[in-house]
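Shown next, in structure tokens, is the structure this report addresses.
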2 protein chains.
Amino acid sequence: MKHIADSTVRRLSAYLRFLEDFEHRGLTTISSDELAKQGGTTSAQVRKDLSFFGSFGKRGLGYSVPELSGRLREILGLSQHWRVIIIGAGKIGAALAQYRGFRQRGFSIVAAYDNNPEKIGRTLEGIPVRDIAQIEHDIQREAPEIAVLTVPAEAAQPMLDRLVRAGIHAILNFAPTQLQAPPEVTVKTVNMAMELEGLSFALTNRE
Amino acid sequence: MKHIADSTVRRLSAYLRFLEDFEHRGLTTISSDELAKQGGTTSAQVRKDLSFFGSFGKRGLGYSVPELSGRLREILGLSQHWRVIIIGAGKIGAALAQYRGFRQRGFSIVAAYDNNPEKIGRTLEGIPVRDIAQIEHDIQREAPEIAVLTVPAEAAQPMLDRLVRAGIHAILNFAPTQLQAPPEVTVKTVNMAMELEGLSFALTNRE
């Protein structure tokens, strides 16, 4: 498949949310104009985003809401169940462990890991906190697909390397640092300060 | 000024991080090639991103590290101090309140707000938790520029409207919902499930 930009994938996620909202309200068709309006983009962009994945909708009739949402779930890999582990049982780990949005989307958090003996053996919002020393063993046994990294910045790269060696191919990184990974591994970094910088840019450069 | 895409602003933030790392290591010049390599982009993209903001660097000599990082801080509005309030003193609020990256960047969290009497009057990682009822009064008095929204999805839009009426123009939203705001208000939504969807997409569509 052609390389699909991150920004396209984000828009697909957003379209899916609008479609589900539509389904919820009992609506059965939606135009690319409507999808574009909801997503703050253009109908040409919507058609282009969807065209990567084959042909959808009928000219003049719009898209079938259940059909398109089903296809988007498939494209995004959401018709499947994903096992997620959290590395670092701190505040961010706790916030994620209780986040209802994950389970709704088929992501289930199987365990959190820490090296702090006071945390190991406890639970984090109902998720068991295990000793980081056993992670290779657990990955082999339970085959989680996604790891969420919430360790301090200086620990992030060695931990990523360790996870990759153990077989993890998808990492969501909350440590405020840029990480290197082999090409077959996907790393997404959520940098809170960068998000705020987007706002300070907007406040500073506003007309 | 020309409209600058969000993705450009994110790259500027990333460039600044690499430049600061370079400064830290005592290096004084950097080529667009080097910046591109670090940022996982092309040198043409780096030059284009920077060209929005005037002319930088000398052909064949690269960019002066302190000059370019200084300019990027200005462009991103980081030579200024920003006051941030957190709406919702829950787990995400706590994770943000203790996030060291904010203060380093000139963002200081002045208060958190909640409607839960058990939380009001306490502190969240050293930040006072105040009654949401007093927020209009506080905004008028303290003039915070940025609000971080960590309330439940169904409470997010009414709270955004309330903050906008009270004079807030920049909102970082953690509620898993799309929000509407007037054009003069910038809203950035951090959707954790969407980040994971980017990973499930990559796992599903990998060659």
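Every chain in the structure tokens takes a letter, A first, then B, and so on in the order presented; its residues are numbered from 1, and the ligands are numbered from 1 following the presented order.
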
Test item: chain B residues at most 8 Å from chain A, counting only C-alpha atoms, as an NGL selection string: :B and (1 or 6 or 9-10 or 13 or 75-78 or 82 or 91-92 or 94-95 or 101-102 or 105 or 146 or 169-172 or 176 or 186-188 or 192-205 or 207)

From segment 23-80 of chain B, collect each residue whose DSSP state is strand (DSSP E) and return the set as a ChimeraX atom specification. /B:29-30,63-64

Considering only C-alpha atoms, state which residue in the set A:Ala112, A:Arg165, A:Leu149, A:Ala143 is at the smallest distance from Asp131 of chain A.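 The shortest atom-to-atom distance to Asp131 of chain A comes from A:Ala112.
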
Just to confirm, what's the straight-line distance from atom CA of Ile87 of chain B to atom CA of Ala89 of chain A in Å (one decimal)?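 These two atoms are separated by 23.6 Å.
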
Find the distance between atom CA of Ser69 of chain B and atom CA of Val151 of chain A and write it in Å to one decimal.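 So the answer is 27.1 Å.
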
Find the residues near Tyr113 of chain B: any atom within 8 Å, counting only C-alpha atoms, skip ones fewer than 5 places away on the same chain, and give them as an mmCIF file with C-alpha atoms, in the first residue's frame.
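Resulting contents of out-v1.cif:
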data_model
loop_
_atom_site.group_PDB
_atom_site.id
_atom_site.type_symbol
_atom_site.label_atom_id
_atom_site.label_comp_id
_atom_site.auth_asym_id
_atom_site.auth_seq_id
_atom_site.Cartn_x
_atom_site.Cartn_y
_atom_site.Cartn_z
ATOM 1 C CA ILE B 85 -5.372 26.644 34.483
ATOM 2 C CA ILE B 86 -6.526 23.035 34.641
ATOM 3 C CA ILE B 87 -10.252 22.336 34.599
ATOM 4 C CA GLY B 88 -10.940 19.006 36.323
ATOM 5 C CA ALA B 89 -8.754 17.887 39.226
ATOM 6 C CA ILE B 120 -11.882 21.862 46.483
ATOM 7 C CA VAL B 129 -7.774 23.091 43.659
ATOM 8 C CA ARG B 130 -10.444 25.764 43.573
ATOM 9 C CA ASP B 131 -14.201 25.773 43.232
ATOM 10 C CA ILE B 132 -15.260 25.909 39.590
ATOM 11 C CA ILE B 135 -13.599 30.609 37.759
#

Got a sec: who's within 8 Å of segment 42-50 of chain B, counting only C-alpha atoms, leaving out chain neighbours fewer than 3 positions off, as a list in words?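 Listed by chain and then number, they are Thr8, Arg11, Leu12, Ser32, Asp33, Glu34, Leu35, Ala36, Lys37, Phe53, Gly54, Ser55 and Phe56 of chain B.
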
Neighbour list for Ala133 of chain A as a JSON list (two decimals) with C-alpha atoms, in the first residue's frame, cut-off 12 Å, only C-alpha atoms, skip fewer than 6 positions in-chain:
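Saved to selection.json:
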[["chain", "number", "residue", "atom", "x", "y", "z"],
["A", 87, "ILE", "CA", 5.39, 0.83, 31.26],
["A", 113, "TYR", "CA", 5.04, -2.46, 34.85],
["A", 114, "ASP", "CA", 7.27, -0.62, 37.27],
["A", 115, "ASN", "CA", 10.59, -1.09, 39.03],
["A", 116, "ASN", "CA", 9.39, 0.42, 42.31],
["A", 117, "PRO", "CA", 8.92, -2.38, 44.89],
["A", 120, "ILE", "CA", 4.77, -3.91, 42.27],
["A", 139, "ILE", "CA", 5.53, -10.48, 26.43],
["A", 159, "MET", "CA", 13.25, 0.83, 27.64],
["A", 162, "ARG", "CA", 14.25, -3.53, 25.46],
["A", 163, "LEU", "CA", 10.61, -3.67, 24.37]]

Quote the spacing between atom CA of Ile109 of chain B and atom CA of Phe174 of chain B in Å to one decimal place.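 Atom-to-atom, atom CA of Ile109 of chain B to atom CA of Phe174 of chain B, that is 16.1 Å.
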
Selected residue of minimal separation from Ser31 of chain A among A:Leu160, A:Tyr15, A:Glu136, A:Gly60, counting only C-alpha atoms: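 Smallest distance to Ser31 of chain A is found for A:Gly60.
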